[in-house]
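Engineer: What follows is a structure written as structure tokens; I'll ask about it next.
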Amino acid sequence: MKTSAEQGIIAVPAGRVTLSDRRTERRWTVDLDAYGLAAAPVTQELYEHVTGERPSSAHGGRLPVEGVSWGDAVRFCNALSALEGLTPAYRIPDGGPDGDPGGAEWDRAADGYRLPTEAEWEHACRAGTTEARYGPLDEIAWHRGNSGERLHETGARRPNAWGLHDMLGNVWEWCWDVYDAEVYGSYRVLRGGGWFDERWSCRASVRRRSHPTLRIDDVGFRLARTLTG
């Protein structure tokens with residue numbers, strides 16, 4: 001199984017993105033170097049190939065893996081990096097309750113797989129646009145109105161201008177970032193909306209948060225890589 005080709009890492013150009021939070025009414029701007037991002041979320045087939053596990057409640061090799069925690073996702077990134085001879089991006093201490101990798105550190109110079117930051121995620125989702133979505137929602141995303149309230153195979157909806165599928169809808173995607181440490185502690189950021197969400201949740205700017213041990217049937221993740229050289 002050709003794991004790199006299966007993931008289809010796409011080079012995302014450098015740029016600037018302005019993020020916002022409805023709860024705090026805060027806005028902030030982030031400058032980004034070029035980076036790599038997978039064309040689609042990690043599939044059940046790939047997750048099982050790397051870990052030997054298939055945790056999802058729905059079953060299908062080309063379906064996005066779901067029912068995975070943030071901790072599961074960072075450990076998967078390291079495992080796939082090792083499998084491909086890349087330098088793991090994360091230094092992970094012994095897990096706490098429920099395998100929470102509290103204190104995980106990101107080696108920003110590593111060439112291995114990692115989770116995108118939420119700024120990288122939003123920049124890639126927008127693909128140079130300034131609208132809430134990169135196309136008509138029913139053409140680009142699986143959401144409550146068109147999903148039949150179930151998960152769908154990756155890549156079945158129209159991609160954005162940079163060739164990225166399912167940036168909106170199907171499964172929410174874990175990002176690296178802590179959401180708001182002062183208020184929510186170790187809760188991590190989720191982006192993108194899912195198959196059970198109403199239309200308003202499937203927008204480039206929407207932020208969700210959850211504990212890094214959460215495992216639920218509409219949350220998965222997508223791989224990123226730091227471009228070196």
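Quick note on naming: the chains in the structure tokens go A, B, ... in the order shown, residues restart at 1 in each chain, and ligands are numbered from 1 in order of appearance.
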To test your reading of the structure, identify every residue in stretch 26-167 of chain A that backbone DSSP assigns to strand (DSSP E), and report it as a PyMOL selection string.

Structural biologist: chain A and resi 26-32+35-38+90-91+105-106+113-114

Engineer: For A:Trp172, find every residue with an atom within 10 Å (counting only C-alpha atoms), except residues of its own chain fewer than 6 positions away, and show them as a PyMOL selection string.

Structural biologist: chain A and resi 41+66+166+189-195+197+202+207-208+217-222

Engineer: For the selection just defined, write its residues with C-alpha atoms to a file, as a short mmCIF file (atom, residue, chain, number, x, y, z; two decimals), in the first residue's frame.

Structural biologist:
data_model
loop_
_atom_site.label_atom_id
_atom_site.label_comp_id
_atom_site.auth_asym_id
_atom_site.auth_seq_id
_atom_site.Cartn_x
_atom_site.Cartn_y
_atom_site.Cartn_z
CA PRO A 41 -9.30 13.17 5.40
CA GLU A 66 -14.03 8.67 12.75
CA ASP A 166 -14.25 17.53 2.01
CA VAL A 189 -9.87 23.00 17.88
CA LEU A 190 -12.14 21.22 15.41
CA ARG A 191 -12.91 22.62 11.96
CA GLY A 192 -15.10 22.01 8.93
CA GLY A 193 -18.53 20.76 10.00
CA GLY A 194 -19.81 17.22 9.63
CA TRP A 195 -22.45 14.99 8.03
CA ASP A 197 -24.51 19.44 10.99
CA CYS A 202 -20.28 24.15 7.34
CA ARG A 207 -14.62 26.87 15.18
CA ARG A 208 -15.63 24.01 17.46
CA ASP A 217 -18.84 9.45 14.91
CA ASP A 218 -18.51 12.80 13.09
CA VAL A 219 -14.89 13.68 13.97
CA GLY A 220 -11.82 12.63 11.98
CA PHE A 221 -8.63 14.33 10.84
CA ARG A 222 -6.47 15.28 7.87
#

Engineer: Which residue, A:Tyr90, A:Trp162, A:Trp121, A:Phe76, has the smallest gap to A:Thr18 when you use only C-alpha atoms?

Structural biologist: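 Closest to A:Thr18, using only C-alpha atoms: A:Trp121.
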
Engineer: I need the residue nearest A:Asn78 from this list: A:Leu115, A:Ala109, A:Ala141, A:Val178. Use only C-alpha atoms for the distance.

Structural biologist: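 For A:Asn78, the nearest of the candidates is A:Leu115.
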
Engineer: Find the spatial neighbours of A:Pro55, counting only C-alpha atoms, within a cut-off of 10 Å - ignore same-chain residues fewer than 3 positions away - and output them as JSON, numbers by chain.

Structural biologist: {"A": [44, 47, 48, 52, 58, 59, 65, 66, 67, 68, 215, 217]}

Engineer: Could you dump the residues just selected with N, CA and C atoms as a PDB file, in the first residue's frame?

Structural biologist:
ATOM      1  N   GLN A  44     -10.502   5.061   6.640  1.00  0.00           N
ATOM      2  CA  GLN A  44     -10.472   3.890   7.508  1.00  0.00           C
ATOM      3  C   GLN A  44      -9.439   2.874   7.014  1.00  0.00           C
ATOM      4  N   TYR A  47      -5.968   4.135   8.071  1.00  0.00           N
ATOM      5  CA  TYR A  47      -5.819   4.073   9.530  1.00  0.00           C
ATOM      6  C   TYR A  47      -5.583   2.629   9.981  1.00  0.00           C
ATOM      7  N   GLU A  48      -6.331   1.698   9.410  1.00  0.00           N
ATOM      8  CA  GLU A  48      -6.156   0.292   9.778  1.00  0.00           C
ATOM      9  C   GLU A  48      -4.806  -0.240   9.309  1.00  0.00           C
ATOM     10  N   GLY A  52      -3.520  -1.093  12.625  1.00  0.00           N
ATOM     11  CA  GLY A  52      -4.159  -2.386  12.857  1.00  0.00           C
ATOM     12  C   GLY A  52      -5.535  -2.264  13.471  1.00  0.00           C
ATOM     13  N   ALA A  58     -19.240   3.500  11.470  1.00  0.00           N
ATOM     14  CA  ALA A  58     -19.599   3.147  10.098  1.00  0.00           C
ATOM     15  C   ALA A  58     -18.423   2.385   9.501  1.00  0.00           C
ATOM     16  N   HIS A  59     -18.687   1.522   8.519  1.00  0.00           N
ATOM     17  CA  HIS A  59     -17.623   0.687   7.989  1.00  0.00           C
ATOM     18  C   HIS A  59     -17.506   0.839   6.477  1.00  0.00           C
ATOM     19  N   VAL A  65     -11.957   7.929   8.510  1.00  0.00           N
ATOM     20  CA  VAL A  65     -11.930   7.344   9.847  1.00  0.00           C
ATOM     21  C   VAL A  65     -12.575   8.338  10.796  1.00  0.00           C
ATOM     22  N   GLU A  66     -13.401   7.830  11.715  1.00  0.00           N
ATOM     23  CA  GLU A  66     -14.028   8.666  12.749  1.00  0.00           C
ATOM     24  C   GLU A  66     -13.983   7.879  14.048  1.00  0.00           C
ATOM     25  N   GLY A  67     -14.485   8.485  15.105  1.00  0.00           N
ATOM     26  CA  GLY A  67     -14.352   7.843  16.400  1.00  0.00           C
ATOM     27  C   GLY A  67     -12.912   7.836  16.877  1.00  0.00           C
ATOM     28  N   VAL A  68     -12.128   8.839  16.436  1.00  0.00           N
ATOM     29  CA  VAL A  68     -10.722   8.953  16.840  1.00  0.00           C
ATOM     30  C   VAL A  68     -10.535  10.245  17.630  1.00  0.00           C
ATOM     31  N   ARG A 215     -14.056  10.862  21.415  1.00  0.00           N
ATOM     32  CA  ARG A 215     -14.209   9.981  20.253  1.00  0.00           C
ATOM     33  C   ARG A 215     -15.691   9.955  19.905  1.00  0.00           C
ATOM     34  N   ASP A 217     -18.708   9.954  16.282  1.00  0.00           N
ATOM     35  CA  ASP A 217     -18.836   9.453  14.912  1.00  0.00           C
ATOM     36  C   ASP A 217     -18.877  10.522  13.825  1.00  0.00           C
TER      37      ASP A 217
END

Engineer: Identify which of the residues A:Arg16, A:Arg209, A:Arg203, A:Arg54 lies closest to A:Trp176, counting only C-alpha atoms when measuring atom-to-atom distances.

Structural biologist: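 Nearest to A:Trp176: A:Arg209.
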
Engineer: Identify which of the residues A:His211, A:Arg26, A:Arg75, A:Arg126 lies closest to A:His165, counting only C-alpha atoms when measuring atom-to-atom distances.

Structural biologist: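 Distance minimum relative to A:His165 lands on A:Arg126.
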
Engineer: Tell me, in Å to one decimal, how far atom CA of A:Leu83 is from atom CA of A:Arg108.

Structural biologist: 19.3 Å
